[in-house]
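Engineer: I have a structure I would like to understand better, so I am pasting it below and will then ask my questions one at a time.
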Amino acid sequence: MVKRYLFLFAFLFSIFTSFAQQHYSSVFRLHKGVLNKKNITTRSVKGEEKGVGVLLRSNVESAHMFRNADVEVRLKVPESGWYVLEAETSVVDAEALKRNDQTGRLTLFATFKIGDQRPTKRIVFDNHRGGKQELGKFEINAQESLKIWLPKNLIFYTITLKPYLPPVAPAEAEVYKPSVVPSDVHPRLWMNQETYPIIKSRLNAAEHKQAWKAVCDVAVQPYALDIDADSEMFYDEHLEGIIEKKAFYYLMTKDEKVGKEVVGLTAKYLSALEFGNVSYGDITRELGRAIYTGALVYDWCYELIDTGLKSRFRKDLKRLVRDMEIGWPPFYGLESIINGHGNEAQICRDMLSWSLAIYDEDPEPYKYVSYTILEQLVPMRKFEYQSPRHNQGIDYGGYRFGWEMHAVWLYYRMLGYSVFDDNIKNMSDYWLYMRTPDGKMLRDGDMFNVKYSGSDEFYWKNPQTMLLCYAFSGDRLIKGEFMKQGGLPNNPVLFLMLNDPNLKPDYHLDQLPLTKDFGTVLGAMVARTGWEEVRNSSDVIAEIKGGGYHFGNHQHADAGALQIYHHGNVVGDLGLYLSYGSPYDFNFNKRSVSHSMMLLRDPREPLLFRTKTNDGGTRFSQRFPKTVYEVLNDPWFHTGFVRSSTYGPDALKPKFSYFNVDLSAAYSAKVSAYSKSFLFVNTGLEDVPAFIVLWDDLLAQDSGFENFWQINTLHKPVYKGDDMVLTSSFDGKSGQTYVNMLKPALTDRELTVWSGDSSTFVFGDMYTVKSPWPEAKGSRILISSKEKSAEKEFVTVFQMVEDGRAKLQEKYIDKGHYGYFVIGDKVIVLSKPRQLLNEEIIVQIPADKRYDVIIAGVKEGFWNLYTKGSELSENISVLKDRNVMFFEGKKGELVLKPQRVY
């Protein structure tokens with residue numbers, strides 16, 4: 001009985017102690033500490049709750065470690081452990097300091113020393129957070145001395161201690177047993193016992209000669225790093241590169257002199273490495289690179305590191321891991337491996353490498369990391385990558401996908417097989433198809449590559465991601481793209497580990513189909529007239545997107561958006577990614593209004609996610625799904641569905657490309673129904689290489705809502721008859737895009753154009769932007785139907801015409817459920833987007849020349865085609881999800897019926 005009570009008492013006491021520690025908070029007022037009165041004076045600030053603070057005397061310079069501390073405080077905590085320190089300060093004369101600040105980022109540092117720990121410099125005041133600063137996480141004994149050296153012009157009031165509470169891992173992660181684990185031998189990172197000799201044997205290949213020389217030249221050159229016990233250092237990317245090369249050189253040559261040098265160099269660097277409380281510049285990326293570098297040395301030089309030194313390595317690496325943005329365990333707040341910064345190097349390279357390297361001594365990190373990758377990331381990407389394009393767009397997609405490919409490779413090389421679905425091998429197609437002849441890209445998502453503004457010579461590149469992709473898939477075209485992007489001279493180690501010199505690059509993209517259907521998860525189609533990669537090419541590239549799901553963050557509210565490239569971007573996006581979450585970013589750049597698409601304004605529509613302006617576009621979202629179940633079952637993420645998508649008749653060089661999408665779900669309930677069809681015709685002509693028929697069919701919930709069919713362009717349009725003419729030019733060649741709206745008629749519509757500085761005027765709100773990019777001074781063309789009915793239809797033909805040439809003749813007849821078009825040598829029947837045709841269709845083929853007949857938007861099943869006055873009859877099978885018929889040169893009156901006859 002006594003034992004039972006003692007056990008109960010101990011149990012309750014442990015709960016109380018844990019609760020007390022978690023909710024413990026203590027404030028230490030510096031003016032009550034031990035003051036170095038030779039240097040320090042006190043000051044009371046009137047009207048402020050902070051009260052009395054301490055500051056340097058006017059005749060004393062800022063903190064110097066060779067003098068006695070300015071202030072000493074005795075810290076007392078309930079029990080030894082990790083605590084978060086916070087500081088409260090103010091500046092003596094903020095305006096004077098700002099005037100004298102040349103950086104535009106006013107920052108004051110103080111130096112702190114806890115007990116016998118290394119002194120550390122921390123931000124105590126800056127423009128961003130003012131005088132309330134979190135100093136960082138510190139290991140503190142039950143009683144500890146805190147010494148502080150102050151900067152000039154700073155009044156320091158209090159230090160607050162709070163327990164450090166790490167992120168809480170999900171219950172599933174706590175009990176998780178990884179299905180795959182590292183072998184009991186090293187190396188494990190980027191190679192195993194089977195692949196190690198293969199990598200080593202390739203070092204002398206001609207393709208590897210330059211990269212291996214770059215490694216050897218650095219590895220054999222001794223590097224001096226002098227750090228004393230009282231010094232810390234900020235990250236050194238150059239040094240980390242040297243460490244990586246030396247470690248790889250040791251692994252390949254077993255040169256113990258270099259191996260022992262790099263082990264000592266890394267140990268010294270990690271022990272002194274301190275990021276402090278710097279938060280600007282996404283510092284977690286630099287943190288992660290240091291962790292990754294340390295993990296490489298731990299793994300590759302494992303046999304040279306004794307037990308004590310391994311322990312020091314792990315302690316320093318764990319200290320750095322705790323400060324990662326996603327936290328440790330890697331489940332902090334809203335961060336996730338699925339999207340955001342958590343879907344970058346943090347887990348997929350840095351923590352995974354660390355957890356693999358130290359697995360023998362500490363398997364817990366691998367448990368958490370493998371849970372996030374194998375149980376969260378892998379199944380989500382298996383679903384998403386059914387559409388071979390990245391939801392975060394060209395730039396962020398290329399960046400984040402590259403880090404995912406690190407995880408792909410690290411598991412693959414460790415195990416000998418891939419844990420990711422094979423559809424990941426197709427993702428690089430996205431960057432091939434979005435490429436424009438001038439070397440740039442069609443727009444998608446937030447484009448952070450500022451070189452777009454600097455030079456017409458710019459060529460978009462992400463060679464590291466291309467390397468990871470082609471080496472995994474064996475795609476010679478992607479290796480050709482890697483070579484065109486300049487290779488990877490700044491990372492010879494990664495190149496030597498992954499590149500197969502027997503895989504020869506292929507530069508001939510014309511073996512790919514001109515049209516790409518991106519599937520149904522991220523519905524889109526890109527259609528081209530050619531694969532020329534010369535700046536003055538006359539090739540036309542067009543993109544239509546919509547249908548599938550929205551994944552937030554850097555993805556835009558652009559379901560249904562159109563882009564056309566012809567001698568430059570002629571129809572597309574005007575948004576610029578200048579800073580995340582700014583009023584311009586959330587009210588223009590990421591919103592529908594900056595894209596070429598339909599707007600419908602319901603004055604009652606709620607504004608979400610810090611938005612101010614009702615732009616009339618699709619639902620703006622900054623939420624993202626974390627599981628396949630959530631994607632499929634939460635309608636918030638749905639943006640509609642692809643009704644039809646096909647191209648032909650030739651699969652490599654199609655004459656037509658057809659895409660029909662239901663976009664109702666992309667908008668709020670203000671839209672009862674909305675579908676859009678896109679027919680791209682590759683004419684094969686020199687004068688008019690392509691034309692597009694675009695049909696928008698929208699049913700508003702209320703006929704009184706303002707409707708706007710909008711296209712955006714870089715130059716103000718001119719007018720010729722019923723046509724708007726958009727101009728584009730690049731490298732001395734020009735083109736005109738004739739935009740002929742056939743429905744509503746000219747008298748039944750209203751036109752508004754916002755150009756130049758006014759292009760960012762959004763229904764009463766102006767979002768001024770300063771940028772040299774041409775998008776900042778573009779034009780938004782808005783056409784409204786005057787018709788008072790709830791249904792709004794816009795039927796438009798775009799003809800891309802070479803400069804000085806005539807456009808093709810057009811004929812259009814409205815047949816109710818479908819439109820009848822004769823454009824050049826093409827006869828087109830195009831159904832209303834919201835319904836598939838299932839009725840008799842009569843087509844009159846002129847006799848003056850040979851015509852191609854395209855009938856798009858017909859119901860799947862058998863159709864019978866016969867020519868009036870003739871015995872000719874044939875049955876045609878129309879496939880589901882394609883819904884198109886194509887045939888050539890049948891002059892006369894053709895009758896199509898939804899039936900099959902003998």
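Labels used: A, B, ... for chains in the order of the structure tokens, numbers from 1 for residues in each chain, and numbers from 1 for ligands as shown.
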Using only C-alpha atoms, determine which residues lie at most 7 Å from Thr639 (chain A), disregarding the query and same-chain residues fewer than 3 positions distant; provide the list as a list in words.

Structural biologist: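 Close residues of Thr639 (chain A): Gly547, Gly548, Tyr549, His550, Ala559, Leu663, Ala665 and Ala666 of chain A.
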
Engineer: Name the residues in contact with Gly398 (chain A) at a cut-off of 10 Å, using only C-alpha atoms, excluding same-chain residues fewer than 2 positions from it; report them as a ChimeraX atom specification.

Structural biologist: /A:389-390,392-396,400-403,427-428,430-431,461-466

Engineer: Could you save those same residues with N, CA and C atoms as a PDB file, in the first residue's frame?

Structural biologist:
```pdb
ATOM      1  N   ARG A 389       3.128  18.477 -64.347  1.00  0.00           N
ATOM      2  CA  ARG A 389       3.477  19.881 -64.214  1.00  0.00           C
ATOM      3  C   ARG A 389       3.423  20.205 -62.734  1.00  0.00           C
ATOM      4  N   HIS A 390       4.105  21.252 -62.310  1.00  0.00           N
ATOM      5  CA  HIS A 390       4.222  21.538 -60.881  1.00  0.00           C
ATOM      6  C   HIS A 390       3.254  22.639 -60.479  1.00  0.00           C
ATOM      7  N   GLN A 392       3.371  24.719 -58.163  1.00  0.00           N
ATOM      8  CA  GLN A 392       4.001  25.967 -57.699  1.00  0.00           C
ATOM      9  C   GLN A 392       4.611  26.765 -58.840  1.00  0.00           C
ATOM     10  N   GLY A 393       4.431  26.302 -60.073  1.00  0.00           N
ATOM     11  CA  GLY A 393       4.819  27.097 -61.218  1.00  0.00           C
ATOM     12  C   GLY A 393       6.248  26.854 -61.684  1.00  0.00           C
ATOM     13  N   ILE A 394       6.660  27.672 -62.646  1.00  0.00           N
ATOM     14  CA  ILE A 394       7.949  27.498 -63.312  1.00  0.00           C
ATOM     15  C   ILE A 394       9.119  27.607 -62.338  1.00  0.00           C
ATOM     16  N   ASP A 395       9.200  28.712 -61.610  1.00  0.00           N
ATOM     17  CA  ASP A 395      10.371  28.964 -60.779  1.00  0.00           C
ATOM     18  C   ASP A 395      10.335  28.189 -59.466  1.00  0.00           C
ATOM     19  N   TYR A 396       9.277  28.374 -58.687  1.00  0.00           N
ATOM     20  CA  TYR A 396       9.202  27.654 -57.421  1.00  0.00           C
ATOM     21  C   TYR A 396       9.034  26.156 -57.641  1.00  0.00           C
ATOM     22  N   ARG A 400      11.582  23.673 -55.861  1.00  0.00           N
ATOM     23  CA  ARG A 400      11.131  22.699 -54.872  1.00  0.00           C
ATOM     24  C   ARG A 400      11.182  21.267 -55.404  1.00  0.00           C
ATOM     25  N   PHE A 401      10.870  21.093 -56.667  1.00  0.00           N
ATOM     26  CA  PHE A 401      10.945  19.754 -57.230  1.00  0.00           C
ATOM     27  C   PHE A 401      12.377  19.229 -57.187  1.00  0.00           C
ATOM     28  N   GLY A 402      13.337  20.114 -57.356  1.00  0.00           N
ATOM     29  CA  GLY A 402      14.735  19.701 -57.257  1.00  0.00           C
ATOM     30  C   GLY A 402      15.066  19.136 -55.893  1.00  0.00           C
ATOM     31  N   TRP A 403      14.488  19.702 -54.833  1.00  0.00           N
ATOM     32  CA  TRP A 403      14.750  19.158 -53.492  1.00  0.00           C
ATOM     33  C   TRP A 403      14.038  17.828 -53.304  1.00  0.00           C
ATOM     34  N   MET A 427       8.001  14.509 -64.906  1.00  0.00           N
ATOM     35  CA  MET A 427       7.775  15.892 -64.499  1.00  0.00           C
ATOM     36  C   MET A 427       8.598  16.904 -65.292  1.00  0.00           C
ATOM     37  N   SER A 428       9.767  16.516 -65.742  1.00  0.00           N
ATOM     38  CA  SER A 428      10.615  17.470 -66.450  1.00  0.00           C
ATOM     39  C   SER A 428      10.025  17.890 -67.789  1.00  0.00           C
ATOM     40  N   TYR A 430       7.344  19.303 -68.232  1.00  0.00           N
ATOM     41  CA  TYR A 430       6.717  20.607 -67.971  1.00  0.00           C
ATOM     42  C   TYR A 430       7.613  21.753 -68.420  1.00  0.00           C
ATOM     43  N   TRP A 431       8.905  21.690 -68.051  1.00  0.00           N
ATOM     44  CA  TRP A 431       9.820  22.789 -68.371  1.00  0.00           C
ATOM     45  C   TRP A 431      10.219  22.771 -69.847  1.00  0.00           C
ATOM     46  N   LYS A 461      16.982  28.850 -66.549  1.00  0.00           N
ATOM     47  CA  LYS A 461      17.749  27.640 -66.256  1.00  0.00           C
ATOM     48  C   LYS A 461      17.574  27.208 -64.807  1.00  0.00           C
ATOM     49  N   ASN A 462      17.631  25.932 -64.610  1.00  0.00           N
ATOM     50  CA  ASN A 462      17.737  25.302 -63.302  1.00  0.00           C
ATOM     51  C   ASN A 462      18.482  23.989 -63.509  1.00  0.00           C
ATOM     52  N   PRO A 463      19.794  24.087 -63.779  1.00  0.00           N
ATOM     53  CA  PRO A 463      20.540  22.894 -64.183  1.00  0.00           C
ATOM     54  C   PRO A 463      20.611  21.812 -63.114  1.00  0.00           C
ATOM     55  N   GLN A 464      20.585  22.189 -61.835  1.00  0.00           N
ATOM     56  CA  GLN A 464      20.654  21.165 -60.793  1.00  0.00           C
ATOM     57  C   GLN A 464      19.434  20.257 -60.854  1.00  0.00           C
ATOM     58  N   THR A 465      18.251  20.854 -61.020  1.00  0.00           N
ATOM     59  CA  THR A 465      17.046  20.039 -61.127  1.00  0.00           C
ATOM     60  C   THR A 465      17.079  19.193 -62.398  1.00  0.00           C
ATOM     61  N   MET A 466      17.570  19.755 -63.486  1.00  0.00           N
ATOM     62  CA  MET A 466      17.663  18.980 -64.722  1.00  0.00           C
ATOM     63  C   MET A 466      18.604  17.785 -64.554  1.00  0.00           C
TER      64      MET A 466
END
```

Engineer: So what do you get for CA of Leu154 (chain A) versus CA of Leu106 (chain A), distance-wise?

Structural biologist: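 The value is 12.4 Å.
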
Engineer: As a PyMOL selection string, please: every residue in region 150-284 of chain A that a backbone DSSP assignment puts in alpha helix (DSSP H).

Structural biologist: chain A and resi 171-174+196-201+209-219+237-253+256-272+284

Engineer: Taking only C-alpha atoms into account, which of A:Val218, A:Val901, A:Val262, A:Ile283 comes nearest Ile243 (chain A)?

Structural biologist: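 Using only C-alpha atoms, the shortest distance to Ile243 (chain A) belongs to A:Val262.
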
Engineer: Just the residues within 8 Å of region 116-126 of chain A, please, counting only C-alpha atoms, with nothing from its chain fewer than 6 positions along; format it as a PyMOL selection string.

Structural biologist: chain A and resi 87-91+105-110+132-133+135+229-232+274+276-278

Engineer: Counting only C-alpha atoms, figure out which residue out of A:Leu498, A:Pro489, A:Gln835, A:Lys811 gets nearest to Lys213 (chain A).

Structural biologist: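 Using only C-alpha atoms, Lys213 (chain A) sits closest to A:Pro489.
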
Engineer: For region 479-512 of chain A against region 188-205 of chain A, with a cut-off of 10 Å and counting only C-alpha atoms, what is the closest atom pair and its distance in Å to one decimal for every residue that makes the cut, ordered by chain and number, as JSON lines?

Structural biologist:
```
{"residue": "A:Leu494", "atom": "CA", "partner": "A:Trp190", "partner_atom": "CA", "distance": 8.8}
{"residue": "A:Leu496", "atom": "CA", "partner": "A:Leu203", "partner_atom": "CA", "distance": 7.0}
{"residue": "A:Met497", "atom": "CA", "partner": "A:Ile199", "partner_atom": "CA", "distance": 5.9}
{"residue": "A:Leu498", "atom": "CA", "partner": "A:Ile199", "partner_atom": "CA", "distance": 7.9}
{"residue": "A:Asn499", "atom": "CA", "partner": "A:Arg202", "partner_atom": "CA", "distance": 8.9}
{"residue": "A:Asp500", "atom": "CA", "partner": "A:Arg202", "partner_atom": "CA", "distance": 7.8}
{"residue": "A:Pro501", "atom": "CA", "partner": "A:Ala205", "partner_atom": "CA", "distance": 6.8}
{"residue": "A:Asn502", "atom": "CA", "partner": "A:Ala205", "partner_atom": "CA", "distance": 9.2}
```

Engineer: Could the residues in this selection be saved with N, CA and C atoms as an mmCIF file, in the first residue's frame?

Structural biologist:
```cif
data_model
loop_
_atom_site.group_PDB
_atom_site.id
_atom_site.type_symbol
_atom_site.label_atom_id
_atom_site.label_comp_id
_atom_site.auth_asym_id
_atom_site.auth_seq_id
_atom_site.Cartn_x
_atom_site.Cartn_y
_atom_site.Cartn_z
ATOM 1 N N LEU A 494 28.074 16.725 -56.944
ATOM 2 C CA LEU A 494 26.769 16.168 -57.306
ATOM 3 C C LEU A 494 26.792 15.633 -58.738
ATOM 4 N N LEU A 496 29.384 14.465 -60.432
ATOM 5 C CA LEU A 496 30.173 13.233 -60.491
ATOM 6 C C LEU A 496 29.418 12.053 -59.891
ATOM 7 N N MET A 497 28.591 12.303 -58.891
ATOM 8 C CA MET A 497 27.849 11.208 -58.258
ATOM 9 C C MET A 497 26.683 10.718 -59.104
ATOM 10 N N LEU A 498 26.100 11.602 -59.929
ATOM 11 C CA LEU A 498 24.861 11.242 -60.619
ATOM 12 C C LEU A 498 25.014 11.035 -62.116
ATOM 13 N N ASN A 499 25.888 11.778 -62.744
ATOM 14 C CA ASN A 499 25.942 11.727 -64.204
ATOM 15 C C ASN A 499 26.495 10.400 -64.716
ATOM 16 N N ASP A 500 25.812 9.857 -65.706
ATOM 17 C CA ASP A 500 26.287 8.672 -66.411
ATOM 18 C C ASP A 500 26.893 9.143 -67.728
ATOM 19 N N PRO A 501 28.214 9.072 -67.881
ATOM 20 C CA PRO A 501 28.820 9.575 -69.117
ATOM 21 C C PRO A 501 28.423 8.792 -70.361
ATOM 22 N N ASN A 502 27.857 7.595 -70.175
ATOM 23 C CA ASN A 502 27.398 6.809 -71.328
ATOM 24 C C ASN A 502 26.037 7.272 -71.843
#
```

Engineer: Which residues are close to Tyr385 (chain A), i.e. within 9 Å by only C-alpha atoms, leaving aside same-chain residues fewer than 6 positions away? Reply as number ranges by chain.

Structural biologist: A: 421, 423-424, 426-427, 521-522

Engineer: So how far away is CA of Lys826 (chain A) from CA of Leu726 (chain A), in Å?

Structural biologist: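 Between CA of Leu726 (chain A) and CA of Lys826 (chain A) the gap is 23.3 Å.
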
Engineer: Per DSSP on the backbone, filter region 664-893 of chain A down to the residues in strand (DSSP E or B) and report them as a PyMOL selection string.

Structural biologist: chain A and resi 671-682+690-700+706-713+718-720+723-730+733-743+749-755+761-762+765-766+779-785+791-802+810-814+818-823+826-831+837+841-845+852-856+858+861-867+873-878+884-888+892-893

Engineer: By how many Å are CA of Glu144 (chain A) and CA of His31 (chain A) apart?

Structural biologist: 17.8 Å

Engineer: Can you list, as a PyMOL selection string, every protein, DNA or RNA residue that comes within 10 Å of Pro625 (chain A) when you count only C-alpha atoms, leaving out same-chain residues fewer than 2 positions away?

Structural biologist: chain A and resi 338-339+380+549-552+623+627-632+634+636-637

Engineer: Suppose we keep N, CA and C atoms; can you now write the selection as an mmCIF file, in the first residue's frame?

Structural biologist:
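Written out: again_17.cif:
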```cif
data_model
loop_
_atom_site.group_PDB
_atom_site.id
_atom_site.type_symbol
_atom_site.label_atom_id
_atom_site.label_comp_id
_atom_site.auth_asym_id
_atom_site.auth_seq_id
_atom_site.Cartn_x
_atom_site.Cartn_y
_atom_site.Cartn_z
ATOM 1 N N ILE A 338 4.616 18.986 -47.623
ATOM 2 C CA ILE A 338 3.808 18.972 -48.847
ATOM 3 C C ILE A 338 3.914 20.288 -49.603
ATOM 4 N N ASN A 339 3.992 21.413 -48.899
ATOM 5 C CA ASN A 339 3.994 22.714 -49.565
ATOM 6 C C ASN A 339 4.720 23.724 -48.683
ATOM 7 N N MET A 380 1.203 11.618 -51.685
ATOM 8 C CA MET A 380 0.644 12.852 -52.235
ATOM 9 C C MET A 380 1.185 13.114 -53.637
ATOM 10 N N TYR A 549 -7.299 20.745 -59.373
ATOM 11 C CA TYR A 549 -7.261 21.141 -57.973
ATOM 12 C C TYR A 549 -6.303 22.321 -57.775
ATOM 13 N N HIS A 550 -6.528 23.010 -56.661
ATOM 14 C CA HIS A 550 -5.679 24.155 -56.327
ATOM 15 C C HIS A 550 -4.894 23.825 -55.063
ATOM 16 N N PHE A 551 -3.584 24.142 -55.077
ATOM 17 C CA PHE A 551 -2.693 23.746 -53.999
ATOM 18 C C PHE A 551 -2.065 24.923 -53.256
ATOM 19 N N GLY A 552 -2.527 26.153 -53.527
ATOM 20 C CA GLY A 552 -2.151 27.298 -52.710
ATOM 21 C C GLY A 552 -0.704 27.741 -52.837
ATOM 22 N N ARG A 623 -4.782 28.177 -48.667
ATOM 23 C CA ARG A 623 -4.810 26.867 -48.021
ATOM 24 C C ARG A 623 -4.228 25.838 -48.976
ATOM 25 N N THR A 627 -3.134 15.756 -47.768
ATOM 26 C CA THR A 627 -3.320 14.343 -48.078
ATOM 27 C C THR A 627 -4.173 14.204 -49.320
ATOM 28 N N VAL A 628 -4.078 13.051 -49.959
ATOM 29 C CA VAL A 628 -4.914 12.781 -51.131
ATOM 30 C C VAL A 628 -6.386 12.795 -50.734
ATOM 31 N N TYR A 629 -6.687 12.255 -49.561
ATOM 32 C CA TYR A 629 -8.078 12.253 -49.096
ATOM 33 C C TYR A 629 -8.614 13.666 -48.999
ATOM 34 N N GLU A 630 -7.812 14.570 -48.470
ATOM 35 C CA GLU A 630 -8.242 15.961 -48.327
ATOM 36 C C GLU A 630 -8.464 16.606 -49.693
ATOM 37 N N VAL A 631 -7.586 16.341 -50.644
ATOM 38 C CA VAL A 631 -7.761 16.889 -51.991
ATOM 39 C C VAL A 631 -9.093 16.462 -52.577
ATOM 40 N N LEU A 632 -9.374 15.185 -52.474
ATOM 41 C CA LEU A 632 -10.536 14.623 -53.157
ATOM 42 C C LEU A 632 -11.851 14.912 -52.441
ATOM 43 N N ASP A 634 -12.447 17.573 -49.940
ATOM 44 C CA ASP A 634 -12.743 18.946 -49.542
ATOM 45 C C ASP A 634 -12.961 19.771 -50.810
ATOM 46 N N TRP A 636 -13.185 22.724 -51.361
ATOM 47 C CA TRP A 636 -12.440 23.983 -51.425
ATOM 48 C C TRP A 636 -11.332 23.905 -52.461
ATOM 49 N N PHE A 637 -10.730 22.730 -52.602
ATOM 50 C CA PHE A 637 -9.569 22.595 -53.477
ATOM 51 C C PHE A 637 -9.948 22.297 -54.924
#
```

Engineer: Looking at A:Ser353, A:Thr293, A:Asn740, A:Asn153, which one is nearest to Lys245 (chain A), with distances taken over only C-alpha atoms?

Structural biologist: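 That would be A:Thr293, the residue with the smallest distance to Lys245 (chain A).
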
Engineer: Residues near Pro363 (chain A), anyone? I mean within 12 Å using only C-alpha atoms, not counting same-chain ones fewer than 3 positions away, as an MDAnalysis selection string.

Structural biologist: chainID A and resid 176:178 181:182 184 352 354:360 366:370

Engineer: Keeping only N, CA and C atoms, take the residues you just selected and write them out as a PDB file, in the first residue's frame.

Structural biologist:
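File written: again_32.pdb
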```pdb
ATOM      1  N   TYR A 176       5.827   5.147 -35.323  1.00  0.00           N
ATOM      2  CA  TYR A 176       6.122   4.717 -36.687  1.00  0.00           C
ATOM      3  C   TYR A 176       7.366   3.830 -36.736  1.00  0.00           C
ATOM      4  N   LYS A 177       7.255   2.762 -37.508  1.00  0.00           N
ATOM      5  CA  LYS A 177       8.396   1.884 -37.761  1.00  0.00           C
ATOM      6  C   LYS A 177       8.649   1.896 -39.258  1.00  0.00           C
ATOM      7  N   PRO A 178       9.714   2.569 -39.698  1.00  0.00           N
ATOM      8  CA  PRO A 178       9.960   2.692 -41.144  1.00  0.00           C
ATOM      9  C   PRO A 178      10.038   1.334 -41.835  1.00  0.00           C
ATOM     10  N   VAL A 181      15.045   0.870 -43.972  1.00  0.00           N
ATOM     11  CA  VAL A 181      16.039   1.478 -43.086  1.00  0.00           C
ATOM     12  C   VAL A 181      17.409   1.357 -43.730  1.00  0.00           C
ATOM     13  N   PRO A 182      18.354   2.174 -43.289  1.00  0.00           N
ATOM     14  CA  PRO A 182      19.708   2.099 -43.851  1.00  0.00           C
ATOM     15  C   PRO A 182      20.384   0.771 -43.514  1.00  0.00           C
ATOM     16  N   ASP A 184      23.809  -1.411 -42.391  1.00  0.00           N
ATOM     17  CA  ASP A 184      24.689  -1.152 -41.244  1.00  0.00           C
ATOM     18  C   ASP A 184      26.095  -0.747 -41.659  1.00  0.00           C
ATOM     19  N   LEU A 352      17.074  14.563 -43.988  1.00  0.00           N
ATOM     20  CA  LEU A 352      17.186  13.169 -44.430  1.00  0.00           C
ATOM     21  C   LEU A 352      18.652  12.736 -44.418  1.00  0.00           C
ATOM     22  N   TRP A 354      21.114  14.018 -42.661  1.00  0.00           N
ATOM     23  CA  TRP A 354      21.544  13.963 -41.253  1.00  0.00           C
ATOM     24  C   TRP A 354      21.050  12.678 -40.587  1.00  0.00           C
ATOM     25  N   SER A 355      19.773  12.352 -40.797  1.00  0.00           N
ATOM     26  CA  SER A 355      19.201  11.178 -40.125  1.00  0.00           C
ATOM     27  C   SER A 355      19.821   9.879 -40.634  1.00  0.00           C
ATOM     28  N   LEU A 356      20.181   9.832 -41.913  1.00  0.00           N
ATOM     29  CA  LEU A 356      20.821   8.635 -42.456  1.00  0.00           C
ATOM     30  C   LEU A 356      22.246   8.495 -41.930  1.00  0.00           C
ATOM     31  N   ALA A 357      22.949   9.631 -41.860  1.00  0.00           N
ATOM     32  CA  ALA A 357      24.346   9.582 -41.438  1.00  0.00           C
ATOM     33  C   ALA A 357      24.488   9.090 -40.003  1.00  0.00           C
ATOM     34  N   ILE A 358      23.607   9.537 -39.086  1.00  0.00           N
ATOM     35  CA  ILE A 358      23.758   9.225 -37.661  1.00  0.00           C
ATOM     36  C   ILE A 358      22.888   8.050 -37.222  1.00  0.00           C
ATOM     37  N   TYR A 359      22.303   7.330 -38.173  1.00  0.00           N
ATOM     38  CA  TYR A 359      21.320   6.301 -37.836  1.00  0.00           C
ATOM     39  C   TYR A 359      21.856   5.273 -36.856  1.00  0.00           C
ATOM     40  N   ASP A 360      23.120   4.862 -36.974  1.00  0.00           N
ATOM     41  CA  ASP A 360      23.682   3.843 -36.073  1.00  0.00           C
ATOM     42  C   ASP A 360      23.602   4.283 -34.621  1.00  0.00           C
ATOM     43  N   TYR A 366      15.697   9.494 -38.061  1.00  0.00           N
ATOM     44  CA  TYR A 366      15.265   8.831 -39.296  1.00  0.00           C
ATOM     45  C   TYR A 366      13.799   8.411 -39.197  1.00  0.00           C
ATOM     46  N   LYS A 367      13.358   8.035 -38.004  1.00  0.00           N
ATOM     47  CA  LYS A 367      11.953   7.651 -37.821  1.00  0.00           C
ATOM     48  C   LYS A 367      11.030   8.802 -38.207  1.00  0.00           C
ATOM     49  N   TYR A 368      11.311   9.988 -37.698  1.00  0.00           N
ATOM     50  CA  TYR A 368      10.465  11.143 -37.999  1.00  0.00           C
ATOM     51  C   TYR A 368      10.578  11.565 -39.470  1.00  0.00           C
ATOM     52  N   VAL A 369      11.812  11.601 -39.971  1.00  0.00           N
ATOM     53  CA  VAL A 369      12.016  12.051 -41.340  1.00  0.00           C
ATOM     54  C   VAL A 369      11.378  11.093 -42.332  1.00  0.00           C
ATOM     55  N   SER A 370      11.582   9.803 -42.126  1.00  0.00           N
ATOM     56  CA  SER A 370      11.012   8.826 -43.057  1.00  0.00           C
ATOM     57  C   SER A 370       9.491   8.813 -42.972  1.00  0.00           C
TER      58      SER A 370
END
```

Engineer: A:Asp446, A:Asp585, A:Glu325, A:Glu244: which is nearest Lys612 (chain A), counting only C-alpha atoms?

Structural biologist: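 Between A:Asp446, A:Asp585, A:Glu325, A:Glu244, the residue approaching Lys612 (chain A) most closely is A:Asp585.
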
Engineer: Considering only C-alpha atoms, return as a ChimeraX atom specification whatever protein or nucleic-acid residues lie within 9 Å of Ser26 (chain A), sequence-local ones (same chain, fewer than 5 positions apart) excluded.

Structural biologist: /A:76-77,159-162

Engineer: Quick one: of A:Leu334, A:Ala847, A:Met441, A:Leu146, who's nearest to Ile541 (chain A), counting only C-alpha atoms?

Structural biologist: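 Looking only at the distances to Ile541 (chain A), the closest residue turns out to be A:Met441.
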
Engineer: Looking at A:Gly857, A:Gly721, A:Pro774, A:Gly560, which one is nearest to Ser645 (chain A), with distances taken over only C-alpha atoms?

Structural biologist: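 Using only C-alpha atoms, Ser645 (chain A) sits closest to A:Gly857.
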